[in-house]
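Quick notes on the structure that follows.
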Amino acid sequence: MKRTRLTWQVFLAILLVALASVLVAGLIARRALSSAFAAYLSAYGMHMGPGMGFGRMVLGAAERAFLAGVDRGIVVSAAVAAATAALAAVALARYLVRPLRQLTSGVEAVASGDLAHRVEVSGPAEIEELATAFNTMAESLERSEALRRRMVSDVAHELRNPIAALRAQAEAVAEGVMPLDEARLRSMVQDLEQLSRLVHDLQELAVAEAGALRYEMSQTDLCEIAQREVERAKVLAHEGVEVSLSCSPAPAMVHADEFRIAQAVRNLLANALRHTTRGRIAVTVESIDGWMRLTVSDTGSGIPEKDLPYIFERFYRADEARAASTGGTGLGLAIVKRIVEDHGGTVFATSVEGVGSAIGFVLPVSPQE
C-alpha cells in the first residue's frame, strides 16, 4: 500500500483545519448577526414588504441584500483563508521535510559504507535532536570500524611475529643449521607462550563482550587480592622498580568474583610493569563514599592526552613502536573494563606523558550482613 507523503499530509491537514475554522466561525457569526439584526428591526417596529422572515419578522429587499453580503463575506473569507493556509502549509512542509530528506540520504550513505557522512543539524528541536543522534551514531560506527580494521591488522601482526620466529627456528633445526639445544627450545617455548597468551586473551575478551563470563560472587576482601597480586608483580618487575601496596585500615569488602577481580588487578599491574622501567608502581585501595577504589599508579612513560579516552578499547595502543618492544597485546585493559562493569563498577585513567599514569577501577562496597 502506497503511503501519502508527509508534504501532502501537512498540506491537507493545515488546509482542512483552516477551512473548518473559517466556516464554523462564519456560520456562528451569520447566526448571531441574523438574530441581532432581527432584534434590531423588531425593536423599531420595522418590516417591509414580502420576503424572507426571521420568526414573525418579514424582511425587505434591503435587509436581504445585507444578509447576502454577509454570506458572500463569509465565502470570500473562507477562500482567502484557504489560500493563506495553502501557502503556509507548503512553507511548513518544506521546513519539516528538508531535514528529514537529509537524514534519509544520510542513512542511505551510511548503509552503503560511507561512515564519514554527516547531516546538517537544522529544523525543529526534535529533528535537530534526531540529526545530532544520527551524527553521533555515524561517528561511533566510524570509530568502531576503524578499531575493527586495526584489530584485524593487530591480530595478524601479533600472530605473524611468533609464528615467523617459530617457523624460522624449526626450519633451521630441521636443516641442521641450528642445534636443538636448551636455549633454542627455550626461545621456541617463549614464542609459543606469546601465541597462547594472545589466543587466550582474544577468547576471554570475546566471551566477556558477549556477556557470557561466569561469575562466582562472594564476600571478597579487595586488599587481600591486591596483596597477592603485588607480591607476584614484585617478582616480575624490572630491576630498580619498587612495587608497593597501601590499603585502608578497615576491611575492603566487595561482593565480587575473587578470581575475576584478581585477573583485573593483575592486568592493571602487567600494564604498569610493561611501561615502567624505573621508579615505582604503587597500588592503593581505599573506601570513598560507598565505593572501593583501587588505583595502580606508576612512574612510567605516561599516555598522550589524545589517546587517554581510548586506552580501554581492545587493541588500542598509544605508541605502536613502544608496544612492539613491550610485548603487550592491547587486550588487557579491555578485559579489565568488561569485568569491572559486569560487577557494577567503572574504570578510570589519568596520565601525564613522560611522568606516569594512574589507572584503576571502583566497585560498590559490599553491604553489611
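We name chains A, B, ... following the order of the C-alpha cells; residues begin at 1 in each chain, and ligands are numbered from 1 as shown.
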
Can you tell me, as a compact mmCIF listing (two decimals) with N, CA and C atoms, in the first residue's frame, what residues are no more than 7 Å from Asn135 of chain A when counting only C-alpha atoms, ignoring any on the same chain fewer than 4 positions away?
# COMPACT_ATOMS: atom_id res chain seq x y z
N ARG A 118 27.93 13.04 7.37
CA ARG A 118 27.23 13.72 8.47
C ARG A 118 26.12 14.57 7.88
N VAL A 119 25.09 14.82 8.67
CA VAL A 119 23.96 15.63 8.21
C VAL A 119 23.96 16.97 8.92
N ALA A 131 18.92 14.58 14.25
CA ALA A 131 20.12 14.77 13.43
C ALA A 131 21.39 14.63 14.27
N GLU A 139 29.44 8.70 13.88
CA GLU A 139 30.79 8.84 14.42
C GLU A 139 31.21 7.59 15.19

**OP:** Excluding Ala358 of chain A and residues on its chain fewer than 2 positions from it, collect all residues at most 7 Å away from it, counting only C-alpha atoms, and give them as a PyMOL selection string.
**Re:** chain A and resi 295-298+349-351+360

If you keep N, CA, C and O atoms, can you produce a file of those selected residues as a tab-separated table (two decimals), in the first residue's frame?
chain	number	residue	atom	x	y	z
A	295	THR	N	43.62	1.81	42.73
A	295	THR	CA	44.39	2.59	41.76
A	295	THR	C	45.79	2.02	41.63
A	295	THR	O	46.45	1.74	42.64
A	296	VAL	N	46.24	1.83	40.40
A	296	VAL	CA	47.61	1.41	40.12
A	296	VAL	C	48.32	2.60	39.50
A	296	VAL	O	48.04	2.98	38.36
A	297	SER	N	49.24	3.20	40.26
A	297	SER	CA	49.98	4.38	39.79
A	297	SER	C	51.40	3.96	39.46
A	297	SER	O	51.99	3.12	40.13
A	298	ASP	N	51.96	4.58	38.41
A	298	ASP	CA	53.33	4.25	38.04
A	298	ASP	C	54.08	5.51	37.64
A	298	ASP	O	53.47	6.57	37.40
A	349	ALA	N	41.14	6.47	34.29
A	349	ALA	CA	42.56	6.60	33.95
A	349	ALA	C	42.94	8.06	33.89
A	349	ALA	O	42.20	8.88	33.33
A	350	THR	N	44.07	8.39	34.47
A	350	THR	CA	44.67	9.72	34.34
A	350	THR	C	46.14	9.51	34.02
A	350	THR	O	46.74	8.49	34.41
A	351	SER	N	46.72	10.46	33.30
A	351	SER	CA	48.12	10.29	32.93
A	351	SER	C	48.72	11.62	32.51
A	351	SER	O	48.02	12.50	32.01
A	360	GLY	N	42.77	2.56	37.22
A	360	GLY	CA	42.14	1.71	38.21
A	360	GLY	C	40.66	1.56	38.00
A	360	GLY	O	40.13	1.83	36.92

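For the set A:Asn161, A:Thr136, A:Gln102, A:Asn271, the residue with the smallest atom-to-atom gap to Gly123 of chain A is A:Gln102, counting only C-alpha atoms.
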
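Between Glu142 of chain A and the residues A:Val107, A:Ile28, A:Leu115, A:Ala172, the shortest atom-to-atom distance, using only C-alpha atoms, involves A:Leu115.
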
**OP:** Might you pull out every residue within 8 Å of Ala264 of chain A, with only C-alpha atoms counted and same-chain residues fewer than 5 positions away left off, and present them as a PyMOL selection string?
**Re:** chain A and resi 335-336+339-340

Please produce a file of those selected residues containing all heavy atoms, as a CSV table (one decimal), in the first residue's frame.
chain,number,residue,atom,x,y,z
A,335,ILE,N,39.7,-6.1,28.8
A,335,ILE,CA,39.2,-7.2,29.7
A,335,ILE,C,38.9,-6.6,31.1
A,335,ILE,O,37.8,-6.9,31.7
A,335,ILE,CB,40.2,-8.3,29.8
A,335,ILE,CG1,40.3,-9.0,28.4
A,335,ILE,CG2,39.7,-9.4,30.8
A,335,ILE,CD1,41.3,-10.1,28.3
A,336,VAL,N,39.7,-5.8,31.6
A,336,VAL,CA,39.5,-5.1,32.9
A,336,VAL,C,38.2,-4.4,32.9
A,336,VAL,O,37.3,-4.5,33.8
A,336,VAL,CB,40.7,-4.2,33.3
A,336,VAL,CG1,40.3,-3.3,34.5
A,336,VAL,CG2,41.9,-5.0,33.5
A,339,ILE,N,35.1,-6.8,32.9
A,339,ILE,CA,35.0,-7.4,34.2
A,339,ILE,C,34.4,-6.4,35.3
A,339,ILE,O,33.5,-6.7,36.0
A,339,ILE,CB,36.3,-8.0,34.7
A,339,ILE,CG1,36.7,-9.2,33.8
A,339,ILE,CG2,36.2,-8.5,36.2
A,339,ILE,CD1,38.1,-9.8,34.2
A,340,VAL,N,35.0,-5.2,35.3
A,340,VAL,CA,34.6,-4.3,36.3
A,340,VAL,C,33.1,-3.8,36.1
A,340,VAL,O,32.3,-3.7,37.0
A,340,VAL,CB,35.5,-3.0,36.3
A,340,VAL,CG1,35.0,-1.9,37.2
A,340,VAL,CG2,36.9,-3.4,36.8

Original post:
atom CA of Ile163 of chain A to atom CA of Arg338 of chain A: how many Å, to one decimal?
Top reply: 29.2 Å

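Backbone DSSP of segment 173-237 of chain A yields strand (DSSP E) at Met217, Ser218, Gln219, Thr220 and Asp221 of chain A.
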
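Minimum atom-to-atom distances from A:Ala25, A:Ala256, A:Ala206, A:Ala168 to Asp342 of chain A were compared using only C-alpha atoms, and the lowest value belongs to A:Ala256.
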
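Those residues that approach Leu130 of chain A to within 12 Å, counting only C-alpha atoms, are Pro99, Leu100, Gln102, Leu103, Thr104, Gly106, Val107, Val119, Glu120, Val121, Ser122, Gly123, Pro124, Ala125, Glu126, Ile127, Glu128, Thr132, Ala133, Phe134, Asn135, Thr136 and Met137 of chain A; same-chain residues fewer than 2 positions away are not listed.
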
Expected file: the selected residues, N, CA and C atoms, as a PDB file, in the first residue's frame:
ATOM      1  N   PRO A  99      15.033  18.673   6.329  1.00  0.00           N
ATOM      2  CA  PRO A  99      15.987  17.929   7.168  1.00  0.00           C
ATOM      3  C   PRO A  99      15.708  16.437   7.218  1.00  0.00           C
ATOM      4  N   LEU A 100      14.445  16.036   7.078  1.00  0.00           N
ATOM      5  CA  LEU A 100      14.132  14.612   7.062  1.00  0.00           C
ATOM      6  C   LEU A 100      14.698  13.943   5.813  1.00  0.00           C
ATOM      7  N   GLN A 102      17.353  14.990   4.270  1.00  0.00           N
ATOM      8  CA  GLN A 102      18.794  14.909   4.508  1.00  0.00           C
ATOM      9  C   GLN A 102      19.129  13.700   5.375  1.00  0.00           C
ATOM     10  N   LEU A 103      18.303  13.452   6.387  1.00  0.00           N
ATOM     11  CA  LEU A 103      18.527  12.284   7.232  1.00  0.00           C
ATOM     12  C   LEU A 103      18.371  10.990   6.439  1.00  0.00           C
ATOM     13  N   THR A 104      17.386  10.958   5.548  1.00  0.00           N
ATOM     14  CA  THR A 104      17.203   9.772   4.710  1.00  0.00           C
ATOM     15  C   THR A 104      18.427   9.539   3.835  1.00  0.00           C
ATOM     16  N   GLY A 106      21.395  10.575   4.506  1.00  0.00           N
ATOM     17  CA  GLY A 106      22.475  10.179   5.395  1.00  0.00           C
ATOM     18  C   GLY A 106      22.421   8.705   5.750  1.00  0.00           C
ATOM     19  N   VAL A 107      21.217   8.209   6.040  1.00  0.00           N
ATOM     20  CA  VAL A 107      21.054   6.794   6.365  1.00  0.00           C
ATOM     21  C   VAL A 107      21.470   5.931   5.185  1.00  0.00           C
ATOM     22  N   VAL A 119      25.090  14.824   8.670  1.00  0.00           N
ATOM     23  CA  VAL A 119      23.962  15.631   8.210  1.00  0.00           C
ATOM     24  C   VAL A 119      23.964  16.970   8.920  1.00  0.00           C
ATOM     25  N   GLU A 120      23.352  17.958   8.274  1.00  0.00           N
ATOM     26  CA  GLU A 120      23.243  19.286   8.876  1.00  0.00           C
ATOM     27  C   GLU A 120      22.211  19.255  10.003  1.00  0.00           C
ATOM     28  N   VAL A 121      22.552  19.830  11.119  1.00  0.00           N
ATOM     29  CA  VAL A 121      21.631  19.891  12.260  1.00  0.00           C
ATOM     30  C   VAL A 121      20.773  21.134  12.109  1.00  0.00           C
ATOM     31  N   SER A 122      19.522  20.955  11.674  1.00  0.00           N
ATOM     32  CA  SER A 122      18.609  22.075  11.455  1.00  0.00           C
ATOM     33  C   SER A 122      17.177  21.587  11.607  1.00  0.00           C
ATOM     34  N   GLY A 123      16.232  22.554  11.620  1.00  0.00           N
ATOM     35  CA  GLY A 123      14.826  22.218  11.751  1.00  0.00           C
ATOM     36  C   GLY A 123      14.329  22.382  13.171  1.00  0.00           C
ATOM     37  N   PRO A 124      13.126  21.871  13.460  1.00  0.00           N
ATOM     38  CA  PRO A 124      12.587  21.946  14.823  1.00  0.00           C
ATOM     39  C   PRO A 124      13.485  21.211  15.808  1.00  0.00           C
ATOM     40  N   ALA A 125      13.254  21.478  17.085  1.00  0.00           N
ATOM     41  CA  ALA A 125      14.121  20.924  18.127  1.00  0.00           C
ATOM     42  C   ALA A 125      14.179  19.399  18.064  1.00  0.00           C
ATOM     43  N   GLU A 126      13.029  18.749  17.837  1.00  0.00           N
ATOM     44  CA  GLU A 126      13.003  17.289  17.800  1.00  0.00           C
ATOM     45  C   GLU A 126      13.823  16.750  16.635  1.00  0.00           C
ATOM     46  N   ILE A 127      13.739  17.401  15.474  1.00  0.00           N
ATOM     47  CA  ILE A 127      14.506  16.952  14.315  1.00  0.00           C
ATOM     48  C   ILE A 127      15.987  17.258  14.512  1.00  0.00           C
ATOM     49  N   GLU A 128      16.304  18.372  15.164  1.00  0.00           N
ATOM     50  CA  GLU A 128      17.707  18.655  15.487  1.00  0.00           C
ATOM     51  C   GLU A 128      18.279  17.571  16.404  1.00  0.00           C
ATOM     52  N   THR A 132      21.369  15.190  15.472  1.00  0.00           N
ATOM     53  CA  THR A 132      22.523  15.061  16.367  1.00  0.00           C
ATOM     54  C   THR A 132      22.760  13.605  16.739  1.00  0.00           C
ATOM     55  N   ALA A 133      21.673  12.880  17.026  1.00  0.00           N
ATOM     56  CA  ALA A 133      21.798  11.455  17.356  1.00  0.00           C
ATOM     57  C   ALA A 133      22.346  10.670  16.167  1.00  0.00           C
ATOM     58  N   PHE A 134      21.907  11.046  14.954  1.00  0.00           N
ATOM     59  CA  PHE A 134      22.419  10.368  13.755  1.00  0.00           C
ATOM     60  C   PHE A 134      23.917  10.604  13.602  1.00  0.00           C
ATOM     61  N   ASN A 135      24.347  11.854  13.769  1.00  0.00           N
ATOM     62  CA  ASN A 135      25.777  12.161  13.627  1.00  0.00           C
ATOM     63  C   ASN A 135      26.605  11.440  14.684  1.00  0.00           C
ATOM     64  N   THR A 136      26.062  11.370  15.912  1.00  0.00           N
ATOM     65  CA  THR A 136      26.760  10.642  16.968  1.00  0.00           C
ATOM     66  C   THR A 136      26.874   9.161  16.625  1.00  0.00           C
ATOM     67  N   MET A 137      25.779   8.594  16.101  1.00  0.00           N
ATOM     68  CA  MET A 137      25.798   7.189  15.706  1.00  0.00           C
ATOM     69  C   MET A 137      26.806   6.947  14.591  1.00  0.00           C
TER      70      MET A 137
END

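For the residues A:Lys306, A:Lys234, A:Arg149, A:His255, ranking by smallest atom-to-atom distance to Ile281 of chain A using only C-alpha atoms places A:Lys234 first.
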
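Reported to one decimal place, the separation of atom CA of Val207 of chain A from atom CA of Ala262 of chain A is 17.7 Å.
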
Subject >> Two-atom distance - atom CA of Leu202 of chain A, atom CA of Leu331 of chain A (Å) >> reply: 7.4 Å

Would you list the contacts of segment 282-284 of chain A as a JSON list (two decimals) with all heavy atoms, in the first residue's frame, taking every protein, DNA or RNA residue within 10 Å and counting only C-alpha atoms, but skipping same-chain residues closer than 4 positions in sequence?
[["chain", "number", "residue", "atom", "x", "y", "z"],
["A", 223, "CYS", "N", 41.65, -5.85, 49.46],
["A", 223, "CYS", "CA", 43.04, -5.67, 49.89],
["A", 223, "CYS", "C", 43.81, -6.99, 49.82],
["A", 223, "CYS", "O", 44.99, -7.02, 49.44],
["A", 223, "CYS", "CB", 43.09, -5.11, 51.31],
["A", 223, "CYS", "SG", 42.92, -3.32, 51.36],
["A", 226, "ALA", "N", 44.66, -7.58, 46.23],
["A", 226, "ALA", "CA", 45.73, -6.68, 45.80],
["A", 226, "ALA", "C", 47.08, -7.12, 46.39],
["A", 226, "ALA", "O", 48.12, -7.05, 45.71],
["A", 226, "ALA", "CB", 45.42, -5.26, 46.23],
["A", 227, "GLN", "N", 47.09, -7.61, 47.64],
["A", 227, "GLN", "CA", 48.33, -8.05, 48.28],
["A", 227, "GLN", "C", 48.95, -9.21, 47.52],
["A", 227, "GLN", "O", 50.16, -9.23, 47.26],
["A", 227, "GLN", "CB", 48.03, -8.48, 49.73],
["A", 227, "GLN", "CG", 49.25, -8.96, 50.50],
["A", 227, "GLN", "CD", 50.28, -7.85, 50.71],
["A", 227, "GLN", "OE1", 49.94, -6.76, 51.15],
["A", 227, "GLN", "NE2", 51.53, -8.14, 50.38],
["A", 229, "GLU", "N", 48.52, -10.04, 44.35],
["A", 229, "GLU", "CA", 48.97, -9.63, 43.03],
["A", 229, "GLU", "C", 50.21, -8.74, 43.11],
["A", 229, "GLU", "O", 51.07, -8.79, 42.21],
["A", 229, "GLU", "CB", 47.83, -8.91, 42.28],
["A", 229, "GLU", "CG", 46.64, -9.80, 41.99],
["A", 229, "GLU", "CD", 47.02, -11.05, 41.22],
["A", 229, "GLU", "OE1", 47.91, -10.98, 40.34],
["A", 229, "GLU", "OE2", 46.43, -12.11, 41.51],
["A", 230, "VAL", "N", 50.33, -7.95, 44.15],
["A", 230, "VAL", "CA", 51.51, -7.10, 44.31],
["A", 230, "VAL", "C", 52.74, -7.98, 44.56],
["A", 230, "VAL", "O", 53.83, -7.73, 44.01],
["A", 230, "VAL", "CB", 51.31, -6.09, 45.46],
["A", 230, "VAL", "CG1", 52.64, -5.50, 45.90],
["A", 230, "VAL", "CG2", 50.36, -4.99, 45.02],
["A", 242, "GLU", "N", 60.27, -0.33, 42.27],
["A", 242, "GLU", "CA", 59.66, -0.71, 43.55],
["A", 242, "GLU", "C", 58.16, -0.85, 43.37],
["A", 242, "GLU", "O", 57.49, 0.02, 42.81],
["A", 242, "GLU", "CB", 59.96, 0.38, 44.59],
["A", 242, "GLU", "CG", 59.31, 0.11, 45.94],
["A", 242, "GLU", "CD", 59.43, 1.29, 46.88],
["A", 242, "GLU", "OE1", 60.08, 2.30, 46.49],
["A", 242, "GLU", "OE2", 58.86, 1.23, 47.99],
["A", 243, "VAL", "N", 57.60, -1.95, 43.85],
["A", 243, "VAL", "CA", 56.15, -2.19, 43.80],
["A", 243, "VAL", "C", 55.63, -2.21, 45.23],
["A", 243, "VAL", "O", 56.11, -3.00, 46.07],
["A", 243, "VAL", "CB", 55.82, -3.53, 43.10],
["A", 243, "VAL", "CG1", 54.31, -3.70, 42.99],
["A", 243, "VAL", "CG2", 56.46, -3.58, 41.72],
["A", 244, "SER", "N", 54.66, -1.34, 45.54],
["A", 244, "SER", "CA", 54.16, -1.21, 46.91],
["A", 244, "SER", "C", 52.64, -1.25, 46.94],
["A", 244, "SER", "O", 51.97, -1.07, 45.91],
["A", 244, "SER", "CB", 54.66, 0.09, 47.54],
["A", 244, "SER", "OG", 54.14, 1.21, 46.82],
["A", 245, "LEU", "N", 52.10, -1.46, 48.14],
["A", 245, "LEU", "CA", 50.65, -1.53, 48.35],
["A", 245, "LEU", "C", 50.27, -0.70, 49.55],
["A", 245, "LEU", "O", 50.92, -0.76, 50.60],
["A", 245, "LEU", "CB", 50.21, -2.98, 48.56],
["A", 245, "LEU", "CG", 48.74, -3.19, 48.99],
["A", 245, "LEU", "CD1", 47.79, -2.75, 47.88],
["A", 245, "LEU", "CD2", 48.50, -4.65, 49.36],
["A", 246, "SER", "N", 49.20, 0.07, 49.42],
["A", 246, "SER", "CA", 48.65, 0.84, 50.53],
["A", 246, "SER", "C", 47.16, 0.55, 50.63],
["A", 246, "SER", "O", 46.41, 0.79, 49.66],
["A", 246, "SER", "CB", 48.90, 2.34, 50.30],
["A", 246, "SER", "OG", 48.23, 3.11, 51.29],
["A", 247, "CYS", "N", 46.72, 0.04, 51.76],
["A", 247, "CYS", "CA", 45.31, -0.33, 51.94],
["A", 247, "CYS", "C", 44.71, 0.45, 53.11],
["A", 247, "CYS", "O", 45.41, 0.80, 54.07],
["A", 247, "CYS", "CB", 45.18, -1.82, 52.24],
["A", 247, "CYS", "SG", 45.13, -2.85, 50.75],
["A", 248, "SER", "N", 43.41, 0.68, 53.01],
["A", 248, "SER", "CA", 42.70, 1.34, 54.12],
["A", 248, "SER", "C", 42.67, 0.39, 55.31],
["A", 248, "SER", "O", 42.64, -0.83, 55.15],
["A", 248, "SER", "CB", 41.28, 1.69, 53.68],
["A", 248, "SER", "OG", 40.59, 0.52, 53.27],
["A", 265, "VAL", "N", 43.07, -6.89, 38.49],
["A", 265, "VAL", "CA", 44.22, -6.26, 39.16],
["A", 265, "VAL", "C", 45.52, -6.70, 38.50],
["A", 265, "VAL", "O", 46.44, -5.90, 38.29],
["A", 265, "VAL", "CB", 44.21, -6.62, 40.67],
["A", 265, "VAL", "CG1", 45.44, -6.03, 41.35],
["A", 265, "VAL", "CG2", 42.94, -6.10, 41.33],
["A", 268, "LEU", "N", 46.06, -4.79, 35.30],
["A", 268, "LEU", "CA", 46.50, -3.41, 35.55],
["A", 268, "LEU", "C", 47.97, -3.37, 35.93],
["A", 268, "LEU", "O", 48.73, -2.50, 35.47],
["A", 268, "LEU", "CB", 45.65, -2.80, 36.67],
["A", 268, "LEU", "CG", 44.18, -2.49, 36.34],
["A", 268, "LEU", "CD1", 43.46, -1.98, 37.58],
["A", 268, "LEU", "CD2", 44.07, -1.48, 35.21],
["A", 269, "LEU", "N", 48.39, -4.31, 36.78],
["A", 269, "LEU", "CA", 49.79, -4.36, 37.17],
["A", 269, "LEU", "C", 50.69, -4.73, 35.99],
["A", 269, "LEU", "O", 51.79, -4.19, 35.83],
["A", 269, "LEU", "CB", 49.98, -5.35, 38.31],
["A", 269, "LEU", "CG", 49.58, -4.84, 39.71],
["A", 269, "LEU", "CD1", 49.50, -5.97, 40.71],
["A", 269, "LEU", "CD2", 50.56, -3.78, 40.19],
["A", 272, "ALA", "N", 51.25, -1.69, 33.96],
["A", 272, "ALA", "CA", 52.21, -0.79, 34.59],
["A", 272, "ALA", "C", 53.63, -1.34, 34.49],
["A", 272, "ALA", "O", 54.59, -0.59, 34.25],
["A", 272, "ALA", "CB", 51.81, -0.57, 36.05],
["A", 293, "ARG", "N", 37.85, 1.84, 45.90],
["A", 293, "ARG", "CA", 38.63, 2.35, 44.77],
["A", 293, "ARG", "C", 40.02, 1.73, 44.79],
["A", 293, "ARG", "O", 40.75, 1.83, 45.78],
["A", 293, "ARG", "CB", 38.72, 3.87, 44.86],
["A", 293, "ARG", "CG", 39.55, 4.54, 43.77],
["A", 293, "ARG", "CD", 39.67, 6.01, 44.08],
["A", 293, "ARG", "NE", 40.47, 6.73, 43.09],
["A", 293, "ARG", "CZ", 39.98, 7.49, 42.12],
["A", 293, "ARG", "NH1", 38.68, 7.64, 42.01],
["A", 293, "ARG", "NH2", 40.77, 8.11, 41.28],
["A", 294, "LEU", "N", 40.39, 1.07, 43.70],
["A", 294, "LEU", "CA", 41.74, 0.52, 43.55],
["A", 294, "LEU", "C", 42.45, 1.26, 42.42],
["A", 294, "LEU", "O", 41.93, 1.34, 41.30],
["A", 294, "LEU", "CB", 41.69, -0.98, 43.24],
["A", 294, "LEU", "CG", 43.05, -1.69, 43.16],
["A", 294, "LEU", "CD1", 42.96, -3.10, 43.73],
["A", 294, "LEU", "CD2", 43.58, -1.75, 41.72],
["A", 295, "THR", "N", 43.62, 1.81, 42.73],
["A", 295, "THR", "CA", 44.39, 2.59, 41.76],
["A", 295, "THR", "C", 45.79, 2.02, 41.63],
["A", 295, "THR", "O", 46.45, 1.74, 42.64],
["A", 295, "THR", "CB", 44.49, 4.06, 42.20],
["A", 295, "THR", "OG1", 43.19, 4.57, 42.48],
["A", 295, "THR", "CG2", 45.15, 4.90, 41.11],
["A", 296, "VAL", "N", 46.24, 1.83, 40.40],
["A", 296, "VAL", "CA", 47.61, 1.41, 40.12],
["A", 296, "VAL", "C", 48.32, 2.60, 39.50],
["A", 296, "VAL", "O", 48.04, 2.98, 38.36],
["A", 296, "VAL", "CB", 47.66, 0.20, 39.18],
["A", 296, "VAL", "CG1", 49.11, -0.17, 38.86],
["A", 296, "VAL", "CG2", 46.93, -0.99, 39.80],
["A", 297, "SER", "N", 49.24, 3.20, 40.26],
["A", 297, "SER", "CA", 49.98, 4.38, 39.79],
["A", 297, "SER", "C", 51.40, 3.96, 39.46],
["A", 297, "SER", "O", 51.99, 3.12, 40.13],
["A", 297, "SER", "CB", 50.00, 5.47, 40.87],
["A", 297, "SER", "OG", 48.69, 5.80, 41.28],
["A", 298, "ASP", "N", 51.96, 4.58, 38.41],
["A", 298, "ASP", "CA", 53.33, 4.25, 38.04],
["A", 298, "ASP", "C", 54.08, 5.51, 37.64],
["A", 298, "ASP", "O", 53.47, 6.57, 37.40],
["A", 298, "ASP", "CB", 53.36, 3.22, 36.92],
["A", 298, "ASP", "CG", 52.73, 3.72, 35.63],
["A", 298, "ASP", "OD1", 53.22, 4.71, 35.06],
["A", 298, "ASP", "OD2", 51.73, 3.12, 35.18],
["A", 299, "THR", "N", 55.38, 5.39, 37.55],
["A", 299, "THR", "CA", 56.24, 6.49, 37.09],
["A", 299, "THR", "C", 56.80, 6.16, 35.72],
["A", 299, "THR", "O", 57.96, 6.47, 35.41],
["A", 299, "THR", "CB", 57.38, 6.73, 38.09],
["A", 299, "THR", "OG1", 58.12, 5.50, 38.25],
["A", 299, "THR", "CG2", 56.85, 7.17, 39.44],
["A", 358, "ALA", "N", 47.92, 6.76, 36.25],
["A", 358, "ALA", "CA", 47.14, 6.17, 37.35],
["A", 358, "ALA", "C", 45.89, 5.58, 36.73],
["A", 358, "ALA", "O", 45.03, 6.30, 36.23],
["A", 358, "ALA", "CB", 46.80, 7.23, 38.39],
["A", 359, "ILE", "N", 45.80, 4.26, 36.74],
["A", 359, "ILE", "CA", 44.69, 3.55, 36.12],
["A", 359, "ILE", "C", 44.08, 2.63, 37.17],
["A", 359, "ILE", "O", 44.81, 1.99, 37.94],
["A", 359, "ILE", "CB", 45.15, 2.73, 34.90],
["A", 359, "ILE", "CG1", 45.88, 3.64, 33.90],
["A", 359, "ILE", "CG2", 43.96, 2.06, 34.22],
["A", 359, "ILE", "CD1", 46.48, 2.89, 32.72],
["A", 360, "GLY", "N", 42.77, 2.56, 37.22],
["A", 360, "GLY", "CA", 42.14, 1.71, 38.21],
["A", 360, "GLY", "C", 40.66, 1.56, 38.00],
["A", 360, "GLY", "O", 40.13, 1.83, 36.92]]

Subject >> Shortest interatomic distance to Ala208 of chain A - which of A:Ala79, A:Ala334, A:Ala156, A:Gly69, counting only C-alpha atoms >> reply: A:Ala334
